[in-house]
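Chemist: The following block contains the structure, expressed as structure tokens.
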Amino acid sequence: MSRRIARALLTHSFGAMLVAAAALAHAQNSSDPIEWLRRIYQATHNLSYVGIFVYQQGEQSETSRITRLTGTHGNIEKLEALDGEPREILRTNDAVRCYLPKSQTVKVDRRFDHRGFPTLLQGEIDGLTQNYTVALGDSERIAGYSCQVVVLTPKDNLRYGYRLWADADSGMLLKALTFDDKGRAVEQFAFTQLTIGKVTPAEVKPQRTTAAWHVEDAEVAPVNLEREGWSVESVLPGFRKVVEVRRTLHSSRTVEQVVYSDGLAAVSVFIEPLSAEDKPARFGLANLGATNIYTREVANHLVTVVGEAPAASVQRIADAVNYRQSH
Amino acid sequence: MNIKISALIDGEGSQREFDEALAALARDPQACECWRIYHLIGDAMHGHDLLSREFGVQLSERLSREPAVLAPRAIRSRRERNRWVALSAAASMAAVALVGWLAYGPRGTTLSPAPLAVVSPKVAPAQGPVADAKPDVPARIPLPSAANDYLLAHQIYSPRVTLQGLAPYIRTVSDEVVEKGGR
């Protein structure tokens with residue numbers, strides 16, 4: 001490049017300016033925080049790896065092993081809880097299977113469209129900048145990997161902020177911290193050990209399940225809640241409706257689910273009829289790390305809003321749920 | 001009972017009435033609500049700024065980190081005046097703990113009641129049915145028993161998974177978290 005610049009300088013000053021501008025643009029690109037988000041996304045999808053990570057929220061922490069095999073016949077990812085009950089979760093291209101040894105149950109969940117898991121499209125990554133300021137932080141070392149820090153600071157207090165640590169070489173996400181509007185940690189995921197590559201198919205098989213286990217396979221179908229008299233428009237700036245489905249929950253109950261997202265955080269609204277046989281529901285706010293769950297009653301229905309967003313945002317979406325008697 | 005709680009707030013009434021009021025607060029959500037409302041009225045009348053929402057949580061968290069307050073046996077055998085001081089201190093500690101809970105209420109799984117050691121069994125039993133307390137709006141409730149099902153159904157559409165893979169699902173599988181929250 002420098003030789004070209006030198007040559008250009010000798011031949012034509014205007015040409016020199018163009019080449020220098022191109023060189024500068026290239027330098028800026030490599031330190032582009034959006035480019036880093038893209039690298040994290042690609043690493044998450046394209047690498048095979050096995051590692052131990054710790055999840056922390058409040059005073060609780062939990063250790064798990066995560067194994068991912070990326071192959072020509074599809075991708076398989078397995079999560080094993082190493083503390084407490086030895087639960088396992090498996091994700092294939094179109095389904096998530098949750099193996100619960102205590103109740104000898106396999107819970108199967110699928111996306112109704114069979115399109116696989118949410119993919120972060122080019123436009124969606126760029127769209128994040130509408131709601132978050134994305135910036136690069138320092139270099140820090142996590143689990144032996146030298147990482148680039150990427151910080152997503154929300155532009156309002158409707159959502160949480162994120163601090164991400166990505167391996168400088170592969171882009172693999174080594175640590176993720178969610179913080180609130182006062183900068184306090186809400187929850188954190190961090191690898192304590194990670195090996196990239198070298199994963200065999202045997203490593204991503206469920207370990208404990210047998211044919212005798214009870215299978216709860218969720219049925220999911222698209223639905224139009226507006227047509228059924230529900231008003232479920234998003235009231236949170238930056239959050240748009242992603243999907244609207246009717247599905248089974250816990251094998252027997254049928255619920256309607258609407259999901260809103262700002263490209264990074266998601267909030268689900270679940271609506272189900274209240275019946276006399278149900279034990280009385282408790283209304284109010286429950287919290288699990290960055291996830292808030294707000295429960296209320298609307299027109300003799302139980303409305304449960306679940307989201308990785310501040311309590312006030314989750315409550316705002318819940319309070320906006322309305323039912324029109326006739327339409 | 002409301003009169004006794006009112007007396008407790010004003011520092012009036014007999015020791016027996018204090019004990020009864022504190023015992024009621026530890027056990028009875030209605031009494032807790034009464035205590036909360038009286039304080040709200042008091043604050044409003046005196047023109048005090050309302051405490052920030054985080055205040056109660058921070059106080060409770062700091063209390064829970066404090067070493068247990070053990071009253072040395074010697075204090076009990078001292079003169080009546082000293083005993084009274086010790087009992088008042090214990091009552092204040094219990095009251096402070098209650099204020100902490102009432103100002104914010106239990107926070108699902110993350111906050112356990114402050115492990116207070118109580119000087120005398122006659123003074124407020126600090127361990128109470130905290131989960132039944134009625135805190136401010138919105139009410140803090142334990143995780144719903146179906147929380148795992150909701151989380152599982154929710155995560156599948158969360159873009160977080162695209163950045164982080166399966167890791168966020170660890171929130172889904174924590175059977176124990178739900179059980180603890182449901183206490």
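Chain labels run A, B, ... following the order of the structure tokens; each chain numbers its residues from 1, and ligands are numbered from 1 in the order shown.
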Taking the DSSP secondary structure from the backbone, can you list the residues of range 153-199 of chain A that are strand (DSSP E or B), as a PyMOL selection string?

Modeler: chain A and resi 153-154+161-167+173-179+185-196

Chemist: Quick one: everything within 7 Å of range 1-7 of chain B, counting only C-alpha atoms, minus sequence neighbours fewer than 4 positions away in the same chain. Send it as a list in words.

Modeler: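 Listed by chain and then number, they are Gly11, Glu12, Gly13, Glu17, Ala21, Cys34 and Trp35 of chain B.
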
Chemist: Atoms to include: N, CA and C atoms. Write the selected residues as an mmCIF file, in the first residue's frame.

Modeler:
data_model
loop_
_atom_site.group_PDB
_atom_site.id
_atom_site.type_symbol
_atom_site.label_atom_id
_atom_site.label_comp_id
_atom_site.auth_asym_id
_atom_site.auth_seq_id
_atom_site.Cartn_x
_atom_site.Cartn_y
_atom_site.Cartn_z
ATOM 1 N N GLY B 11 -43.280 4.973 68.925
ATOM 2 C CA GLY B 11 -42.443 4.680 70.084
ATOM 3 C C GLY B 11 -43.218 4.765 71.384
ATOM 4 N N GLU B 12 -44.536 4.604 71.297
ATOM 5 C CA GLU B 12 -45.368 4.625 72.496
ATOM 6 C C GLU B 12 -45.839 3.205 72.812
ATOM 7 N N GLY B 13 -46.483 3.061 73.952
ATOM 8 C CA GLY B 13 -47.031 1.760 74.299
ATOM 9 C C GLY B 13 -46.086 0.953 75.163
ATOM 10 N N GLU B 17 -47.001 -4.621 74.222
ATOM 11 C CA GLU B 17 -47.646 -4.194 72.980
ATOM 12 C C GLU B 17 -46.635 -4.160 71.824
ATOM 13 N N ALA B 21 -46.989 -6.286 68.452
ATOM 14 C CA ALA B 21 -47.008 -5.612 67.151
ATOM 15 C C ALA B 21 -45.919 -6.184 66.244
ATOM 16 N N CYS B 34 -50.342 -2.423 56.696
ATOM 17 C CA CYS B 34 -50.724 -1.335 57.596
ATOM 18 C C CYS B 34 -49.490 -0.513 57.963
ATOM 19 N N TRP B 35 -48.419 -1.237 58.324
ATOM 20 C CA TRP B 35 -47.151 -0.578 58.677
ATOM 21 C C TRP B 35 -46.660 0.284 57.517
#

Chemist: A:Thr178, A:Thr304, A:Asn322, A:Ser313: which is nearest Ala147 in chain B, counting only C-alpha atoms?

Modeler: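 When distances to Ala147 in chain B are compared using only C-alpha atoms, the smallest one comes from A:Thr304.
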
Chemist: Hey, what's within 9 Å of Arg141 in chain A if we count only C-alpha atoms and toss same-chain stuff fewer than 5 positions away? As a PyMOL selection string, please?

Modeler: chain A and resi 146-148+165+167

Chemist: Please provide the set of residues having any atom within 7 Å of Val108 in chain A, restricted to only C-alpha atoms, with same-chain residues fewer than 2 positions apart removed, written as a VMD selection string.

Modeler: chain A and resid 95 to 98 106 110 216 to 218
